[in-house]
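Input: a single structure, listed below in structure tokens.
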Amino acid sequence: MMEKLSIDIFNDNYKEITQNIARAAEKSGRKYEDITLLAATKTVDVEVINHAIEAGVSFIGENRVQEFLSKYEQYNPVNMHFIGHLQTNKVKDIIDKVSLIHSVDSYRLAEEISRQAVKRNIIVNILLEINIGDEQSKSGFEYDEAVAAVEKIAKLGGIKIKGLMAIPPICATSDENRPYFAKMKKLFIDIGSKKIDNSSMDILSMGMSDDYQVAIEEGATMVRLGTALFGRRNYNI
Ligand SMILES: *Cc1c(COP(=O)(O)O)cnc(C)c1O
């Protein structure tokens with residue numbers, strides 16, 4: 001019963017979201033295909049996730065290592081990303097199982113990813129998380145140190161920087177976040193134009209359930225949606 005209900009909720013939401021994405025993409029001179037929809041699947045049952053994958057979702061992101069490890073072998077074929085805060089001692093558990101880590105928020109974490117990647121002779125794709133609202137409660141690189149961070153991390157072995165990720169402050173309306181998204185887009189372009197070796201600004205991961213349309217209008221290439229797709233669930237994450 002529960003799963004049936006969740007699947008119905010997903011089906012309704014998914015259709016509407018794809019239309020919203022297409023509309024927002026158009027406003028920024030792009031097309032639906034230019035935007036990647038990543039389903040944020042924390043607390044969502046594998047059965048529902050697999051239904052989403054069958055329906056067309058081809059990127060999913062988990063944000064807790066333990067939950068990811070308990071679920072990933074049961075997923076239908078899909079691109080698996082890690083999007084949550086990652087402790088250095090957990091890097092080795094996920095590094096060869098995900099195709100992108102969105103949440104590289106410190107040099108120390110980048111170093112550990114590099115160390116583990118070199119050990120396994122693999123290249124790990126990462127995004128640098130920028131603390132765009134300069135919030136004490138959030139991790140990530142400061143806006144002003146982002147260029148230096150990319151330059152420094154790009155020198156590490158076993159790593160390829162593919163872009164930036166941000167979670168703006170919680171705002172009352174999605175329009176209040178517009179300046180943060182615009183600032184991220186500017187940074188993304190600035191860093192891209194520097195053509196720093198071993199880095200490319202391909203992915204700008206920003207926008208969640210409450211603000212993804214604004215994020216796309218301002219230049220996001222990837223949005224991470226949980227609640228908007230799967231309905232409200234119990235969060236204590
Ligand atoms: C949960 C989560 C999301 C999705 O949040 P919603 O508001 O449910 O869309 C996106 N990004 C990260 C890092 C998350 O942890």
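Residues are referred to by chain and number: the chain letter is A, B, ... according to the order shown in the structure tokens, the number counts from 1 in that chain, and ligands are numbered separately from 1 in the order shown.
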- Item | For A:Gly158: contacts at 7 Å, only C-alpha atoms, fewer than 3 positions along chain excluded, given as a PyMOL selection string | chain A and resi 114+117-118+122-124
Please return as a PDB file with N, CA, C and O atoms, in the first residue's frame the residues found within 8 Å of ligand 1, counting only C-alpha atoms and all ligand atoms.
```pdb
ATOM      1  N   ALA A  39      17.634  12.935  -8.645  1.00  0.00           N
ATOM      2  CA  ALA A  39      16.694  12.645  -7.572  1.00  0.00           C
ATOM      3  C   ALA A  39      17.473  12.444  -6.279  1.00  0.00           C
ATOM      4  O   ALA A  39      18.357  11.587  -6.205  1.00  0.00           O
ATOM      5  N   ALA A  40      17.169  13.280  -5.281  1.00  0.00           N
ATOM      6  CA  ALA A  40      17.785  13.121  -3.953  1.00  0.00           C
ATOM      7  C   ALA A  40      16.964  12.083  -3.197  1.00  0.00           C
ATOM      8  O   ALA A  40      15.803  12.306  -2.889  1.00  0.00           O
ATOM      9  N   THR A  41      17.579  10.933  -2.935  1.00  0.00           N
ATOM     10  CA  THR A  41      16.790   9.756  -2.543  1.00  0.00           C
ATOM     11  C   THR A  41      16.907   9.362  -1.065  1.00  0.00           C
ATOM     12  O   THR A  41      16.565   8.238  -0.706  1.00  0.00           O
ATOM     13  N   LYS A  42      17.385  10.282  -0.238  1.00  0.00           N
ATOM     14  CA  LYS A  42      17.466   9.934   1.190  1.00  0.00           C
ATOM     15  C   LYS A  42      16.086   9.579   1.737  1.00  0.00           C
ATOM     16  O   LYS A  42      15.109  10.242   1.394  1.00  0.00           O
ATOM     17  N   GLY A  61      21.055  10.795  -6.096  1.00  0.00           N
ATOM     18  CA  GLY A  61      22.065  11.209  -5.133  1.00  0.00           C
ATOM     19  C   GLY A  61      21.658  10.827  -3.729  1.00  0.00           C
ATOM     20  O   GLY A  61      20.528  11.070  -3.315  1.00  0.00           O
ATOM     21  N   GLU A  62      22.583  10.212  -3.017  1.00  0.00           N
ATOM     22  CA  GLU A  62      22.356   9.890  -1.607  1.00  0.00           C
ATOM     23  C   GLU A  62      23.245  10.786  -0.770  1.00  0.00           C
ATOM     24  O   GLU A  62      24.290  11.253  -1.235  1.00  0.00           O
ATOM     25  N   ASN A  63      22.830  11.054   0.452  1.00  0.00           N
ATOM     26  CA  ASN A  63      23.693  11.914   1.244  1.00  0.00           C
ATOM     27  C   ASN A  63      24.144  11.344   2.580  1.00  0.00           C
ATOM     28  O   ASN A  63      24.723  12.058   3.373  1.00  0.00           O
ATOM     29  N   ILE A  83      25.931  13.335  -2.427  1.00  0.00           N
ATOM     30  CA  ILE A  83      25.617  14.769  -2.343  1.00  0.00           C
ATOM     31  C   ILE A  83      25.700  15.319  -0.922  1.00  0.00           C
ATOM     32  O   ILE A  83      25.570  16.525  -0.721  1.00  0.00           O
ATOM     33  N   GLY A  84      25.901  14.475   0.077  1.00  0.00           N
ATOM     34  CA  GLY A  84      25.876  14.957   1.466  1.00  0.00           C
ATOM     35  C   GLY A  84      27.264  15.205   2.025  1.00  0.00           C
ATOM     36  O   GLY A  84      28.274  14.938   1.376  1.00  0.00           O
ATOM     37  N   HIS A  85      27.300  15.720   3.222  1.00  0.00           N
ATOM     38  CA  HIS A  85      28.585  15.947   3.889  1.00  0.00           C
ATOM     39  C   HIS A  85      29.311  14.609   4.038  1.00  0.00           C
ATOM     40  O   HIS A  85      28.741  13.625   4.495  1.00  0.00           O
ATOM     41  N   SER A 103      29.942  17.195  -2.923  1.00  0.00           N
ATOM     42  CA  SER A 103      30.054  17.907  -1.651  1.00  0.00           C
ATOM     43  C   SER A 103      31.471  17.958  -1.098  1.00  0.00           C
ATOM     44  O   SER A 103      31.676  17.735   0.080  1.00  0.00           O
ATOM     45  N   ILE A 167      24.428  25.199  -1.731  1.00  0.00           N
ATOM     46  CA  ILE A 167      23.111  25.181  -1.067  1.00  0.00           C
ATOM     47  C   ILE A 167      22.925  26.567  -0.449  1.00  0.00           C
ATOM     48  O   ILE A 167      23.550  26.879   0.549  1.00  0.00           O
ATOM     49  N   GLY A 207      19.985  24.263  -6.615  1.00  0.00           N
ATOM     50  CA  GLY A 207      18.537  24.250  -6.744  1.00  0.00           C
ATOM     51  C   GLY A 207      17.965  22.970  -6.160  1.00  0.00           C
ATOM     52  O   GLY A 207      18.380  21.877  -6.536  1.00  0.00           O
ATOM     53  N   MET A 208      17.034  23.129  -5.209  1.00  0.00           N
ATOM     54  CA  MET A 208      16.358  21.995  -4.584  1.00  0.00           C
ATOM     55  C   MET A 208      14.846  22.197  -4.760  1.00  0.00           C
ATOM     56  O   MET A 208      14.410  23.026  -5.550  1.00  0.00           O
ATOM     57  N   SER A 209      14.065  21.432  -4.026  1.00  0.00           N
ATOM     58  CA  SER A 209      12.621  21.419  -4.290  1.00  0.00           C
ATOM     59  C   SER A 209      11.972  22.800  -4.301  1.00  0.00           C
ATOM     60  O   SER A 209      11.113  23.078  -5.130  1.00  0.00           O
ATOM     61  N   ASP A 210      12.396  23.660  -3.374  1.00  0.00           N
ATOM     62  CA  ASP A 210      11.706  24.947  -3.238  1.00  0.00           C
ATOM     63  C   ASP A 210      12.197  26.019  -4.210  1.00  0.00           C
ATOM     64  O   ASP A 210      11.562  27.064  -4.326  1.00  0.00           O
ATOM     65  N   VAL A 223      19.922  20.049 -10.994  1.00  0.00           N
ATOM     66  CA  VAL A 223      19.136  20.345  -9.791  1.00  0.00           C
ATOM     67  C   VAL A 223      18.948  19.056  -9.010  1.00  0.00           C
ATOM     68  O   VAL A 223      18.866  17.972  -9.580  1.00  0.00           O
ATOM     69  N   ARG A 224      18.901  19.184  -7.697  1.00  0.00           N
ATOM     70  CA  ARG A 224      18.791  18.017  -6.815  1.00  0.00           C
ATOM     71  C   ARG A 224      17.446  18.057  -6.096  1.00  0.00           C
ATOM     72  O   ARG A 224      17.234  18.873  -5.226  1.00  0.00           O
ATOM     73  N   LEU A 225      16.551  17.168  -6.484  1.00  0.00           N
ATOM     74  CA  LEU A 225      15.190  17.242  -5.957  1.00  0.00           C
ATOM     75  C   LEU A 225      14.807  16.006  -5.151  1.00  0.00           C
ATOM     76  O   LEU A 225      14.916  14.878  -5.635  1.00  0.00           O
ATOM     77  N   GLY A 226      14.356  16.264  -3.928  1.00  0.00           N
ATOM     78  CA  GLY A 226      13.846  15.187  -3.085  1.00  0.00           C
ATOM     79  C   GLY A 226      12.350  15.336  -2.901  1.00  0.00           C
ATOM     80  O   GLY A 226      11.533  14.667  -3.547  1.00  0.00           O
ATOM     81  N   THR A 227      11.977  16.244  -2.011  1.00  0.00           N
ATOM     82  CA  THR A 227      10.573  16.442  -1.657  1.00  0.00           C
ATOM     83  C   THR A 227       9.666  16.667  -2.866  1.00  0.00           C
ATOM     84  O   THR A 227       8.565  16.111  -2.919  1.00  0.00           O
ATOM     85  N   ALA A 228      10.122  17.457  -3.803  1.00  0.00           N
ATOM     86  CA  ALA A 228       9.273  17.775  -4.963  1.00  0.00           C
ATOM     87  C   ALA A 228       8.928  16.518  -5.758  1.00  0.00           C
ATOM     88  O   ALA A 228       7.862  16.434  -6.355  1.00  0.00           O
ATOM     89  N   LEU A 229       9.823  15.535  -5.743  1.00  0.00           N
ATOM     90  CA  LEU A 229       9.579  14.290  -6.491  1.00  0.00           C
ATOM     91  C   LEU A 229       8.836  13.248  -5.678  1.00  0.00           C
ATOM     92  O   LEU A 229       7.925  12.589  -6.166  1.00  0.00           O
ATOM     93  N   ARG A 232       6.671  14.841   0.862  1.00  0.00           N
ATOM     94  CA  ARG A 232       7.326  15.170   2.121  1.00  0.00           C
ATOM     95  C   ARG A 232       7.570  13.892   2.923  1.00  0.00           C
ATOM     96  O   ARG A 232       6.757  13.000   2.946  1.00  0.00           O
ATOM     97  N   ILE A 237      17.785  14.683   8.852  1.00  0.00           N
ATOM     98  CA  ILE A 237      19.105  14.620   8.265  1.00  0.00           C
ATOM     99  C   ILE A 237      19.642  16.042   8.114  1.00  0.00           C
ATOM    100  O   ILE A 237      18.908  16.900   7.676  1.00  0.00           O
TER     101      ILE A 237
END
```
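Atom pair atom CA of A:Asn76 / atom CA of A:Ile53 has a distance of 6.9 Å (rounded to one decimal).
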- Item | Which of stretch 74-188 of chain A fall in alpha helix (DSSP H), as JSON, numbers by chain | {"A": [91, 92, 93, 94, 107, 108, 109, 110, 111, 112, 113, 114, 115, 116, 117, 118, 119, 120, 146, 147, 148, 149, 150, 151, 152, 153, 178, 179, 180, 181, 182, 183, 184, 185, 186, 187, 188]}
- Message: Which of stretch 63-130 of chain A end up as strand (DSSP E) when DSSP is run on this backbone - answer as a list in words?
- Response: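 Assigned to strand (DSSP E), within stretch 63-130 of chain A: Asn79, Met80, His81, Phe82, Leu100, Ile101, His102, Ser103, Val104, Val124, Asn125, Ile126, Leu127, Leu128, Glu129 and Ile130 of chain A.
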Only C-alpha atoms, please: the residues just picked out, written as a short mmCIF file (atom, residue, chain, number, x, y, z; two decimals), in the first residue's frame.
```cif
data_model
loop_
_atom_site.label_atom_id
_atom_site.label_comp_id
_atom_site.auth_asym_id
_atom_site.auth_seq_id
_atom_site.Cartn_x
_atom_site.Cartn_y
_atom_site.Cartn_z
CA ASN A 79 24.30 7.19 -12.28
CA MET A 80 24.93 7.32 -8.55
CA HIS A 81 26.17 10.54 -6.97
CA PHE A 82 27.08 11.42 -3.42
CA LEU A 100 30.40 12.18 -8.86
CA ILE A 101 30.87 13.63 -5.37
CA HIS A 102 29.07 16.99 -5.15
CA SER A 103 30.05 17.91 -1.65
CA VAL A 104 33.81 18.39 -1.47
CA VAL A 124 37.18 10.51 -9.10
CA ASN A 125 34.96 13.33 -10.41
CA ILE A 126 34.17 15.99 -7.85
CA LEU A 127 32.41 19.31 -7.42
CA LEU A 128 33.59 21.89 -4.93
CA GLU A 129 30.89 22.98 -2.52
CA ILE A 130 30.75 26.75 -2.08
#
```
- Task: Between A:Lys152, A:Arg64, A:Lys119, A:Lys183, single out the one closest to A:Ile94, counting only C-alpha atoms.
- Result: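 Going through A:Lys152, A:Arg64, A:Lys119, A:Lys183 one by one, the smallest distance to A:Ile94 is for A:Arg64.
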- Message: Report as a PyMOL selection string all protein, DNA and RNA residues lying within 10 Å of A:Leu37, evaluated on only C-alpha atoms, omitting residues in the same chain fewer than 2 positions from it.
- Response: chain A and resi 17-18+21+32-35+39-40+56-60+205+212+221-225
Written selection (N, CA, C and O atoms) as a PDB file, in the first residue's frame:
```pdb
ATOM      1  N   ILE A  17       7.219  18.339 -12.771  1.00  0.00           N
ATOM      2  CA  ILE A  17       8.586  18.849 -12.629  1.00  0.00           C
ATOM      3  C   ILE A  17       9.290  18.933 -13.984  1.00  0.00           C
ATOM      4  O   ILE A  17       9.986  19.905 -14.274  1.00  0.00           O
ATOM      5  N   THR A  18       9.092  17.924 -14.821  1.00  0.00           N
ATOM      6  CA  THR A  18       9.757  17.975 -16.128  1.00  0.00           C
ATOM      7  C   THR A  18       9.246  19.178 -16.927  1.00  0.00           C
ATOM      8  O   THR A  18      10.022  19.847 -17.612  1.00  0.00           O
ATOM      9  N   ILE A  21      10.890  22.281 -15.390  1.00  0.00           N
ATOM     10  CA  ILE A  21      12.304  22.361 -15.786  1.00  0.00           C
ATOM     11  C   ILE A  21      12.408  22.891 -17.211  1.00  0.00           C
ATOM     12  O   ILE A  21      13.216  23.779 -17.506  1.00  0.00           O
ATOM     13  N   TYR A  32      15.233  21.598 -22.142  1.00  0.00           N
ATOM     14  CA  TYR A  32      15.081  20.595 -21.087  1.00  0.00           C
ATOM     15  C   TYR A  32      16.304  19.677 -21.012  1.00  0.00           C
ATOM     16  O   TYR A  32      16.813  19.381 -19.934  1.00  0.00           O
ATOM     17  N   GLU A  33      16.798  19.281 -22.162  1.00  0.00           N
ATOM     18  CA  GLU A  33      17.922  18.327 -22.222  1.00  0.00           C
ATOM     19  C   GLU A  33      19.210  18.919 -21.661  1.00  0.00           C
ATOM     20  O   GLU A  33      20.152  18.180 -21.364  1.00  0.00           O
ATOM     21  N   ASP A  34      19.279  20.237 -21.541  1.00  0.00           N
ATOM     22  CA  ASP A  34      20.495  20.866 -21.017  1.00  0.00           C
ATOM     23  C   ASP A  34      20.576  20.792 -19.497  1.00  0.00           C
ATOM     24  O   ASP A  34      21.602  21.118 -18.901  1.00  0.00           O
ATOM     25  N   ILE A  35      19.480  20.407 -18.873  1.00  0.00           N
ATOM     26  CA  ILE A  35      19.420  20.366 -17.411  1.00  0.00           C
ATOM     27  C   ILE A  35      19.381  18.911 -16.947  1.00  0.00           C
ATOM     28  O   ILE A  35      18.619  18.107 -17.492  1.00  0.00           O
ATOM     29  N   ALA A  39      17.634  12.935  -8.645  1.00  0.00           N
ATOM     30  CA  ALA A  39      16.694  12.645  -7.572  1.00  0.00           C
ATOM     31  C   ALA A  39      17.473  12.444  -6.279  1.00  0.00           C
ATOM     32  O   ALA A  39      18.357  11.587  -6.205  1.00  0.00           O
ATOM     33  N   ALA A  40      17.169  13.280  -5.281  1.00  0.00           N
ATOM     34  CA  ALA A  40      17.785  13.121  -3.953  1.00  0.00           C
ATOM     35  C   ALA A  40      16.964  12.083  -3.197  1.00  0.00           C
ATOM     36  O   ALA A  40      15.803  12.306  -2.889  1.00  0.00           O
ATOM     37  N   GLY A  56      12.417   7.269 -15.995  1.00  0.00           N
ATOM     38  CA  GLY A  56      13.288   8.169 -16.758  1.00  0.00           C
ATOM     39  C   GLY A  56      14.340   8.925 -15.962  1.00  0.00           C
ATOM     40  O   GLY A  56      15.194   9.579 -16.543  1.00  0.00           O
ATOM     41  N   VAL A  57      14.280   8.847 -14.637  1.00  0.00           N
ATOM     42  CA  VAL A  57      15.316   9.509 -13.827  1.00  0.00           C
ATOM     43  C   VAL A  57      16.621   8.741 -14.003  1.00  0.00           C
ATOM     44  O   VAL A  57      16.662   7.530 -13.796  1.00  0.00           O
ATOM     45  N   SER A  58      17.685   9.423 -14.430  1.00  0.00           N
ATOM     46  CA  SER A  58      18.913   8.656 -14.651  1.00  0.00           C
ATOM     47  C   SER A  58      20.061   9.065 -13.735  1.00  0.00           C
ATOM     48  O   SER A  58      21.167   8.545 -13.850  1.00  0.00           O
ATOM     49  N   PHE A  59      19.782   9.981 -12.806  1.00  0.00           N
ATOM     50  CA  PHE A  59      20.783  10.358 -11.806  1.00  0.00           C
ATOM     51  C   PHE A  59      20.135  10.346 -10.433  1.00  0.00           C
ATOM     52  O   PHE A  59      19.075  10.946 -10.247  1.00  0.00           O
ATOM     53  N   ILE A  60      20.782   9.681  -9.498  1.00  0.00           N
ATOM     54  CA  ILE A  60      20.273   9.749  -8.127  1.00  0.00           C
ATOM     55  C   ILE A  60      21.414  10.134  -7.190  1.00  0.00           C
ATOM     56  O   ILE A  60      22.582   9.865  -7.459  1.00  0.00           O
ATOM     57  N   SER A 205      25.774  22.539  -9.850  1.00  0.00           N
ATOM     58  CA  SER A 205      24.742  21.808  -9.122  1.00  0.00           C
ATOM     59  C   SER A 205      24.126  22.715  -8.064  1.00  0.00           C
ATOM     60  O   SER A 205      24.725  22.973  -7.021  1.00  0.00           O
ATOM     61  N   TYR A 212      14.254  25.219  -7.408  1.00  0.00           N
ATOM     62  CA  TYR A 212      14.976  24.728  -8.595  1.00  0.00           C
ATOM     63  C   TYR A 212      14.684  25.532  -9.858  1.00  0.00           C
ATOM     64  O   TYR A 212      15.544  25.666 -10.731  1.00  0.00           O
ATOM     65  N   THR A 221      23.015  23.782 -14.003  1.00  0.00           N
ATOM     66  CA  THR A 221      22.969  22.717 -15.013  1.00  0.00           C
ATOM     67  C   THR A 221      22.425  21.430 -14.406  1.00  0.00           C
ATOM     68  O   THR A 221      22.045  20.516 -15.122  1.00  0.00           O
ATOM     69  N   MET A 222      22.428  21.363 -13.068  1.00  0.00           N
ATOM     70  CA  MET A 222      21.906  20.173 -12.392  1.00  0.00           C
ATOM     71  C   MET A 222      21.132  20.602 -11.154  1.00  0.00           C
ATOM     72  O   MET A 222      21.609  21.423 -10.388  1.00  0.00           O
ATOM     73  N   VAL A 223      19.922  20.049 -10.994  1.00  0.00           N
ATOM     74  CA  VAL A 223      19.136  20.345  -9.791  1.00  0.00           C
ATOM     75  C   VAL A 223      18.948  19.056  -9.010  1.00  0.00           C
ATOM     76  O   VAL A 223      18.866  17.972  -9.580  1.00  0.00           O
ATOM     77  N   ARG A 224      18.901  19.184  -7.697  1.00  0.00           N
ATOM     78  CA  ARG A 224      18.791  18.017  -6.815  1.00  0.00           C
ATOM     79  C   ARG A 224      17.446  18.057  -6.096  1.00  0.00           C
ATOM     80  O   ARG A 224      17.234  18.873  -5.226  1.00  0.00           O
ATOM     81  N   LEU A 225      16.551  17.168  -6.484  1.00  0.00           N
ATOM     82  CA  LEU A 225      15.190  17.242  -5.957  1.00  0.00           C
ATOM     83  C   LEU A 225      14.807  16.006  -5.151  1.00  0.00           C
ATOM     84  O   LEU A 225      14.916  14.878  -5.635  1.00  0.00           O
TER      85      LEU A 225
END
```
- Distance criterion (only C-alpha atoms): nearest to A:Ile153 out of A:Leu109, A:Val65, A:Ile191, A:Ala22: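 Closest residue, counting only C-alpha atoms: A:Leu109.
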- Task: Quote the spacing between atom CA of A:Lys186 and atom CA of A:Gln136 in Å to one decimal place.
- Result: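 Between atom CA of A:Lys186 and atom CA of A:Gln136 the gap works out to 22.6 Å.
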- Message: Just to confirm, what's the straight-line distance from atom CA of A:Ala220 to atom CA of A:Met206 in Å (one decimal)?
- Response: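 Atom CA of A:Met206 lies 5.7 Å from atom CA of A:Ala220.
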- If we count only C-alpha atoms, what is near A:Glu135 at a cut-off of 10 Å, once residues fewer than 5 positions away on the same chain are taken out, given as a PyMOL selection string? chain A and resi 140+142+168-169
Kindly save the residues from that selection, with all heavy atoms included, as an mmCIF file, in the first residue's frame.
```
data_model
loop_
_atom_site.group_PDB
_atom_site.id
_atom_site.type_symbol
_atom_site.label_atom_id
_atom_site.label_comp_id
_atom_site.auth_asym_id
_atom_site.auth_seq_id
_atom_site.Cartn_x
_atom_site.Cartn_y
_atom_site.Cartn_z
ATOM 1 N N GLY A 140 31.830 24.146 3.384
ATOM 2 C CA GLY A 140 32.098 24.566 2.008
ATOM 3 C C GLY A 140 33.138 25.663 1.962
ATOM 4 O O GLY A 140 33.464 26.256 2.983
ATOM 5 N N GLU A 142 34.669 29.296 1.033
ATOM 6 C CA GLU A 142 34.146 30.655 0.929
ATOM 7 C C GLU A 142 34.228 31.105 -0.525
ATOM 8 O O GLU A 142 35.118 30.694 -1.264
ATOM 9 C CB GLU A 142 34.960 31.607 1.801
ATOM 10 C CG GLU A 142 34.670 31.457 3.274
ATOM 11 C CD GLU A 142 35.637 32.274 4.127
ATOM 12 O OE1 GLU A 142 36.166 33.288 3.618
ATOM 13 O OE2 GLU A 142 35.853 31.882 5.276
ATOM 14 N N PRO A 168 22.103 27.417 -1.057
ATOM 15 C CA PRO A 168 21.930 28.760 -0.503
ATOM 16 C C PRO A 168 21.150 28.734 0.804
ATOM 17 O O PRO A 168 20.561 27.708 1.152
ATOM 18 C CB PRO A 168 21.161 29.498 -1.597
ATOM 19 C CG PRO A 168 20.511 28.457 -2.398
ATOM 20 C CD PRO A 168 21.304 27.200 -2.255
ATOM 21 N N PRO A 169 21.149 29.839 1.530
ATOM 22 C CA PRO A 169 20.410 29.897 2.797
ATOM 23 C C PRO A 169 18.926 29.583 2.594
ATOM 24 O O PRO A 169 18.386 29.780 1.503
ATOM 25 C CB PRO A 169 20.581 31.347 3.237
ATOM 26 C CG PRO A 169 21.770 31.851 2.510
ATOM 27 C CD PRO A 169 21.811 31.105 1.216
#
```
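Minimum atom-to-atom distances from A:Asp144, A:Ser200, A:Gln66, A:Gly133 to A:Arg178 were compared using only C-alpha atoms, and the lowest value belongs to A:Gly133.
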- Residues at most 12 Å from A:Asp12, counting only C-alpha atoms, excluding those fewer than 3 positions away in the same chain, as a PyMOL selection string? chain A and resi 5-9+15-19+52+55+228-231
Which residues of stretch 98-129 of chain A have any atom within 9 Å of an atom in stretch 88-91 of chain A when counting only C-alpha atoms, and what is the closest pair of atoms for each, with the distance in Å to one decimal? Order the rows by chain and rising number and write it as a Markdown table.
```
| residue | atom | partner | partner_atom | distance |
| --- | --- | --- | --- | --- |
| A:Arg108 | CA | A:Thr88 | CA | 7.7 |
| A:Leu109 | CA | A:Thr88 | CA | 5.6 |
| A:Ala110 | CA | A:Thr88 | CA | 8.8 |
| A:Glu112 | CA | A:Thr88 | CA | 6.3 |
| A:Ile113 | CA | A:Val91 | CA | 6.3 |
| A:Gln116 | CA | A:Val91 | CA | 7.6 |
```
- Message: Need to verify the contact set: A:Ala25, 7 Å, only C-alpha atoms, exclusion of same-chain residues closer than 6 positions in sequence. Can you return it as a list in words?
- Response: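 Answer for this query is Lys31, Tyr32, Ile216 and Glu217 of chain A.
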Would you output that residue set with C-alpha atoms, as a compact mmCIF listing (two decimals), in the first residue's frame?
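See selection.txt below for the written result:
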```
# COMPACT_ATOMS: atom_id res chain seq x y z
CA LYS A 31 16.38 23.32 -23.40
CA TYR A 32 15.08 20.59 -21.09
CA ILE A 216 17.77 26.96 -13.54
CA GLU A 217 16.78 30.45 -14.67
```
